[in-house]
Amino acid sequence: MTAAASARQILTGLHEVMAGRTHAQAKLDAVVEIIGESLDSEVCSIYLLREGALELYATRGLNPEAVHVTRLGLGEGLTGTIAKNIETLNLAEAKAHPDFLYRPETGEEKFHSFAGVPIVYRERAVGTLCVQHVDPRRYEEVEIEALQTTAMVLSELIAHHELIDGEHALGLGEAHTGPEVIEGLSLVKGLGAGRAVFHQPRVSIDQVMAEDIEAERQRVYRAFDRMREQIDAMGREPEFGKGGEHDEVLETYKMFAYDEGWSRRINEAIDSGLTAEAAIERVQQRTRMRMREIDDPLLADRMHDLEDLSNRLLRIVSGQLGTAATQGLRRDTILIARNLGPAELLEYDRRRLKGVVLEEGSATAHVVIVARAMGVPVLGRVPGIRRLVSEGDDVLVDAEKGTVSLRPSQQMRDAFAGRFEKTRARQAAYAELRDVEPFTRCGTRITVMMNAGLRDDVSALQLTGADGIGLFRTEFQFLVSATLPQRERQQRLYRDVLDAAGDKPVVFRTVDIGGDKAVPYLASEAIEREENPAMGWRALRLSLEREGLLKAQARALLEAASGRRLSVMFPMVSEPWEFDAAKAVFEKQAEFLRARRKILPEEIRYGAMLEVPALAEVLELIAPRLSFLSIGTNDLTQFLFAADRANPKLAERYDWLSPAILRFLDRVMKNAIGHPIDIGVCGEMGGRRLEALALMGIGYRRLSITPASVGPIKELVRKVDLAEISAAMQRWLASPPPDLRAALEQWAAEREIETD
Ligand code: PEP
Ligand code: MG
């Protein structure tokens with residue numbers, strides 16, 4: 001008999017049992033009879049995890065008195081070993097196994113052969129299903145497969161309370177392991193406590209046994225077709241990003257999506273009587289089990305991709321397609337994901353998000369910038385988090401220290417609460433600086449502005465006492481919108497921002513979409529084919545080609561700022577003519593409005609971002625045309641080091657405090673001297689204390705940073721003597737020490753300047 005036929009025989013029996021009107025224990029008793037009969041085994045037993053131990057719930061062949069009496073700890077005896085290791089055992093002689101443990105009340109001494117499989121629910125063992133035989137024989141592969149399929153069906157039936165009565169109900173959550181602390185990379189600092197919510201919720205399998213096998217087969221075929229279409233188009237998805245590691249993942253996805261073996265195994269599982277959903281899960285469980293036996297990190301990565309794909313297939317086949325953002329988010333959400341796109345994160349209600357934990361991520365990826373703007377702590381680079389945590393688990397995110405605690409003990413909670421308190425006290429101290437102007441010790445006023453992108457961000461101006469908004473990322477509105485935001489909608493946002501900012505200046509950056517900020521409604525042939533989107537058709541390049549887009553934005557900004565000052569900044573200017581062309585679009589729109597006697601802004605200031613190194617080489621050509629220049633260190637770093645800012649593998653490789661970057665910035669500052677332009681930094685670099693210190697040391701007096709950094713940077717400014725730090729910086733840049741960060745840290749420590 002084939003494995004499918006053998007399993008089908010059992011499932012048909014199960015189907016009948018489940019349709020009967022008997023109580024739970026009677027059903028369970030009937031189930032062990034059917035399995036034992038089908039696999040020609042004198043014994044068949046089901047052990048389930050209850051209150052931390054495996055309890056014998058039903059048996060055919062062992063002493064019936066032992067039911068609900070025999071209990072084994074995880075790892076205890078063969079049964080406990082199977083559950084603990086989530087492994088299958090197939091033994092001709094059970095007693096010969098080192099983990100064998102004899103329990104006299106069961107009367108199992110006369111049985112020699114033993115086979116057992118774990119009953120797994122959501123990747124955790126909740127029990128064991130075993131068969132025993134008097135003859136010393138190993139069970140055949142088809143029998144083991146049938147046992148595994150049956151165990152999977154049992155797990156779903158148990159989860160849906162169809163096989164266990166109230167008295168013996170299991171807390172499936174009990175199967176979770178205890179507290180666990182995992183390290184990651186702090187991407188957005190802060191602390192957050194709450195419950196785990198998966199960005200892509202697990203599909204719940206409502207029906208495991210098929211009514212109509214042919215219909216299930218057709219469902220899987222259709223789902224495979226849709227999944228393949230999605231994979232082929234996936235390069236365009238913001239969730240996915242582009243370049244480097246993502247390309248590798250995409251290639252692996254393609255390989256699996258078209259893999260005959262995978263679809264064949266799912267088909268076989270359907271043959272054994274499972275629904276499409278259960279068949280996909282069954283195959284995935286088998287893969288997971290095999291993976292546990294192979295210790296190869298490269299293969300583990302690949303299997304991770306297969307897991308993603310398997311979940312995707314499940315979502316398609318079950319029609320459960322939404323993300324957690326659209327499904328009634330709990331108030332204390334700690335969001336768990338492999339990675340996210342900025343637009344996806346923006347779909348979440350920020351008040352309910354207490355933290356985000358990603359398996360990937362890097363400090364300057366746009367999703368992280370968005371999280372920073374939303375004020376949500378993010379811990380990235382936590383491999384395997386989706387396996388280690390279950391939906392609803394208690395989670396403490398410490399994105400100050402760089403750890404995440406799962407299912408914390410009371411002691412861990414108390415310690416965390418203490419840290420929360422400290423952070424609050426620190427923040428209160430920063431809040432006191434709100435109305436204090438940031439002068440250095442030597443009396444120089446440093447301009448500390450903030451970055452923003454959402455309407456709500458503007459309230460941070462008052463809360464932090466920032467000098468204004470040095471970078472308003474207008475593309476956020478484009479990212480949250482399902483369609484291209486119309487001019488009127490843009491205008492309303494810009495006017496609201498200016499109104500809320502009052503007397504404080506606001507610098508609007510024209511849209512920087514493309515790259516890792518893909519918007520589906522602007523997808524074009526050009527974007528799809530890009531090999532290197534960060535260096536591709538994005539930001540000003542895209543705006544200049546889609547002139548309609550820039551025109552609409554120009555009109556919206558000009559009208560929103562009527563009678564006030566308008567500061568416009570163009571992103572990714574690589575050559576001076578691009579700045580001229582963009583400015584000309586604005587001037588033409590201003591002309592148009594003037595001709596219609598509309599009130600224009602009382603002053604229009606045009607500026608450029610310096611984030612493409614080439615622009616620095618022609619600074620003296622462009623400087624006379626600019627009112628201001630803002631250095632975007634996020635992109636600048638990626639281009640100087642040729643290191644994709646969104647690639648998690650490169651996240652920690654290059655340091656902002658490296659001589660290469662600092663010398664570059666130093667040179668830009670020196671070349672700008674003599675030109676009457678405001679020059680500042682608006683990348684994430686300026687929001688970190690040591691980095692800000694270095695920037696002040698090479699002459700930067702204007703920073704635009706994330707709102708949460710305004711307090712800490714103001715406090716820093718007040719402790720700095722510019723002559724001292726610039727002397728040190730010039731010395732280090734002329735002859736760099738082996739570790740410039742360490743040198744700066746020491747310099748700061750000697751002056752009792754906190755750097756963290
Ligand atoms: C930068 O590149 O440093 C910057 C401020 O712009 P963005 O992060 O939005 O690309
Ligand atoms: Mg940039």
# chains A, B, ... in the order shown; residues from 1 in each chain; ligands from 1

$ residues_around --residues "Asp721 of chain A" --least-positions-apart "5" --cutoff "9 Å" --atoms "only C-alpha atoms" --output "CSV table (one decimal) with N, CA, C and O atoms, in the first residue's frame"
chain,number,residue,atom,x,y,z
A,440,THR,N,26.3,76.3,22.3
A,440,THR,CA,27.5,75.5,22.8
A,440,THR,C,28.1,76.2,24.0
A,440,THR,O,27.8,77.4,24.3
A,441,ARG,N,29.0,75.6,24.7
A,441,ARG,CA,29.7,76.2,25.8
A,441,ARG,C,30.4,77.5,25.4
A,441,ARG,O,30.5,78.4,26.2
A,442,CYS,N,30.8,77.5,24.2
A,442,CYS,CA,31.6,78.7,23.7
A,442,CYS,C,30.6,79.7,23.1
A,442,CYS,O,31.0,80.7,22.6
A,443,GLY,N,29.3,79.5,23.2
A,443,GLY,CA,28.3,80.5,22.8
A,443,GLY,C,27.9,80.5,21.4
A,443,GLY,O,27.3,81.5,20.9
A,726,SER,N,36.9,70.9,17.3
A,726,SER,CA,37.3,71.0,15.9
A,726,SER,C,38.9,70.8,15.9
A,726,SER,O,39.3,70.2,14.9

$ select_by_dssp --residues "segment 522-731 of chain A" --states "strand (DSSP E)" --output "PyMOL selection string"
chain A and resi 565-570+603-610+628-631+678-681+702-705

$ residues_near_ligand --ligand "ligand 1" --cutoff "7 Å" --atoms "only C-alpha atoms and all ligand atoms" --output "PyMOL selection string"
chain A and resi 364+366+369+473+512+611+631-636+682-684

$ closest_residue --among "A:Val519, A:Val382, A:Ile604, A:Met289" --to "Glu344 of chain A" --atoms "only C-alpha atoms"
A:Val519

$ select_by_dssp --residues "segment 296-368 of chain A" --states "helix (DSSP H, G or I)" --output "VMD selection string"
chain A and resid 297 to 318 324 to 326 342 to 346 366 to 368

$ closest_residue --among "A:Arg663, A:Arg103, A:Arg226, A:His112" --to "Glu76 of chain A" --atoms "only C-alpha atoms"
A:Arg103

$ closest_residue --among "A:Ser735, A:Ser318, A:Thr637, A:Thr79" --to "ligand 2" --atoms "only C-alpha atoms and all ligand atoms"
A:Thr637

$ residues_around --residues "segment 333-342 of chain A" --least-positions-apart "5" --cutoff "6 Å" --atoms "only C-alpha atoms" --output "list of chain:residue names"
A:Gly194, A:Arg195, A:Ala196, A:Val197, A:Phe198, A:His199, A:Pro238, A:Glu239, A:Arg352, A:Leu353, A:Lys354, A:Gly355, A:Val356, A:Val357, A:Leu358, A:Glu359, A:Glu360, A:His366, A:Val367

$ write_last_selection --atoms "N, CA and C atoms" --output "PDB file, in the first residue's frame"
ATOM      1  N   GLY A 194       4.546  44.483  25.057  1.00  0.00           N
ATOM      2  CA  GLY A 194       3.220  44.146  24.525  1.00  0.00           C
ATOM      3  C   GLY A 194       3.137  42.684  24.163  1.00  0.00           C
ATOM      4  N   ARG A 195       2.259  42.397  23.226  1.00  0.00           N
ATOM      5  CA  ARG A 195       2.040  41.015  22.796  1.00  0.00           C
ATOM      6  C   ARG A 195       2.409  40.878  21.328  1.00  0.00           C
ATOM      7  N   ALA A 196       2.946  39.711  20.991  1.00  0.00           N
ATOM      8  CA  ALA A 196       3.396  39.473  19.617  1.00  0.00           C
ATOM      9  C   ALA A 196       2.216  39.414  18.650  1.00  0.00           C
ATOM     10  N   VAL A 197       2.353  40.150  17.569  1.00  0.00           N
ATOM     11  CA  VAL A 197       1.368  40.096  16.486  1.00  0.00           C
ATOM     12  C   VAL A 197       2.155  39.903  15.196  1.00  0.00           C
ATOM     13  N   PHE A 198       1.812  38.896  14.457  1.00  0.00           N
ATOM     14  CA  PHE A 198       2.526  38.656  13.210  1.00  0.00           C
ATOM     15  C   PHE A 198       1.991  39.573  12.124  1.00  0.00           C
ATOM     16  N   HIS A 199       2.909  40.221  11.424  1.00  0.00           N
ATOM     17  CA  HIS A 199       2.499  41.092  10.315  1.00  0.00           C
ATOM     18  C   HIS A 199       1.648  40.290   9.332  1.00  0.00           C
ATOM     19  N   PRO A 238       6.893  46.514  -2.607  1.00  0.00           N
ATOM     20  CA  PRO A 238       7.674  47.234  -1.602  1.00  0.00           C
ATOM     21  C   PRO A 238       8.103  46.336  -0.452  1.00  0.00           C
ATOM     22  N   GLU A 239       7.282  45.339  -0.134  1.00  0.00           N
ATOM     23  CA  GLU A 239       7.617  44.412   0.949  1.00  0.00           C
ATOM     24  C   GLU A 239       8.979  43.788   0.702  1.00  0.00           C
ATOM     25  N   ARG A 352      -1.191  52.010  18.467  1.00  0.00           N
ATOM     26  CA  ARG A 352      -1.309  50.626  18.952  1.00  0.00           C
ATOM     27  C   ARG A 352       0.004  49.852  18.821  1.00  0.00           C
ATOM     28  N   LEU A 353       0.936  50.422  18.095  1.00  0.00           N
ATOM     29  CA  LEU A 353       2.226  49.742  17.883  1.00  0.00           C
ATOM     30  C   LEU A 353       3.197  50.112  18.984  1.00  0.00           C
ATOM     31  N   LYS A 354       3.595  49.141  19.765  1.00  0.00           N
ATOM     32  CA  LYS A 354       4.538  49.435  20.845  1.00  0.00           C
ATOM     33  C   LYS A 354       5.974  49.081  20.459  1.00  0.00           C
ATOM     34  N   GLY A 355       6.121  48.311  19.400  1.00  0.00           N
ATOM     35  CA  GLY A 355       7.462  47.948  18.973  1.00  0.00           C
ATOM     36  C   GLY A 355       7.397  47.074  17.734  1.00  0.00           C
ATOM     37  N   VAL A 356       8.538  46.990  17.058  1.00  0.00           N
ATOM     38  CA  VAL A 356       8.610  46.153  15.863  1.00  0.00           C
ATOM     39  C   VAL A 356       9.866  45.299  15.979  1.00  0.00           C
ATOM     40  N   VAL A 357       9.734  44.023  15.682  1.00  0.00           N
ATOM     41  CA  VAL A 357      10.915  43.143  15.668  1.00  0.00           C
ATOM     42  C   VAL A 357      11.002  42.520  14.284  1.00  0.00           C
ATOM     43  N   LEU A 358      12.158  42.729  13.641  1.00  0.00           N
ATOM     44  CA  LEU A 358      12.331  42.231  12.280  1.00  0.00           C
ATOM     45  C   LEU A 358      13.449  41.200  12.235  1.00  0.00           C
ATOM     46  N   GLU A 359      13.316  40.262  11.317  1.00  0.00           N
ATOM     47  CA  GLU A 359      14.436  39.332  11.126  1.00  0.00           C
ATOM     48  C   GLU A 359      15.545  40.006  10.336  1.00  0.00           C
ATOM     49  N   GLU A 360      15.168  40.967   9.499  1.00  0.00           N
ATOM     50  CA  GLU A 360      16.174  41.669   8.702  1.00  0.00           C
ATOM     51  C   GLU A 360      16.251  43.124   9.171  1.00  0.00           C
ATOM     52  N   HIS A 366      14.235  52.671   4.541  1.00  0.00           N
ATOM     53  CA  HIS A 366      13.144  53.630   4.730  1.00  0.00           C
ATOM     54  C   HIS A 366      12.095  53.159   5.717  1.00  0.00           C
ATOM     55  N   VAL A 367      11.922  51.855   5.807  1.00  0.00           N
ATOM     56  CA  VAL A 367      10.935  51.377   6.780  1.00  0.00           C
ATOM     57  C   VAL A 367      11.359  51.789   8.189  1.00  0.00           C
TER      58      VAL A 367
END

$ residues_around --residues "Thr149 of chain A" --least-positions-apart "2" --cutoff "9 Å" --atoms "only C-alpha atoms" --output "PyMOL selection string"
chain A and resi 7+11+144-147+151-154+269+272+274+279+282

$ closest_residue --among "A:Pro98, A:Gly20, A:Gly514, A:Gly384" --to "ligand 2" --atoms "only C-alpha atoms and all ligand atoms"
A:Gly514

$ residues_around --residues "Pro676 of chain A" --least-positions-apart "4" --cutoff "10 Å" --atoms "only C-alpha atoms" --output "list in words"
Ala623, Pro624, Leu626, Ser627, Phe628 and Ala672 of chain A

$ atom_distance --atom1 "atom CA of Glu105 of chain A" --atom2 "atom CA of Leu74 of chain A"
19.1 Å

$ residues_around --residues "Asp29 of chain A" --least-positions-apart "2" --cutoff "8 Å" --atoms "only C-alpha atoms" --output "MDAnalysis selection string"
chainID A and resid 25:27 31:33 58:60

$ residues_around --residues "Gly548 of chain A" --least-positions-apart "3" --cutoff "12 Å" --atoms "only C-alpha atoms" --output "list in words"
Leu484, Gln486, Arg487, Leu542, Ser543, Leu544, Glu545, Lys551, Ala552, Gln553, Ala554, Arg555, Ala582, Val585, Phe586 and Gln589 of chain A

$ atom_distance --atom1 "atom CA of Phe439 of chain A" --atom2 "atom CA of Gly687 of chain A"
16.9 Å

$ closest_residue --among "A:Leu662, A:Ala115, A:Ala343, A:Leu610" --to "Ala94 of chain A" --atoms "only C-alpha atoms"
A:Ala115

$ closest_residue --among "A:Gly178, A:Gly107, A:Pro118, A:Gly470" --to "Pro505 of chain A" --atoms "only C-alpha atoms"
A:Gly470

$ atom_distance --atom1 "atom CA of Trp537 of chain A" --atom2 "atom CA of Tyr654 of chain A"
25.3 Å
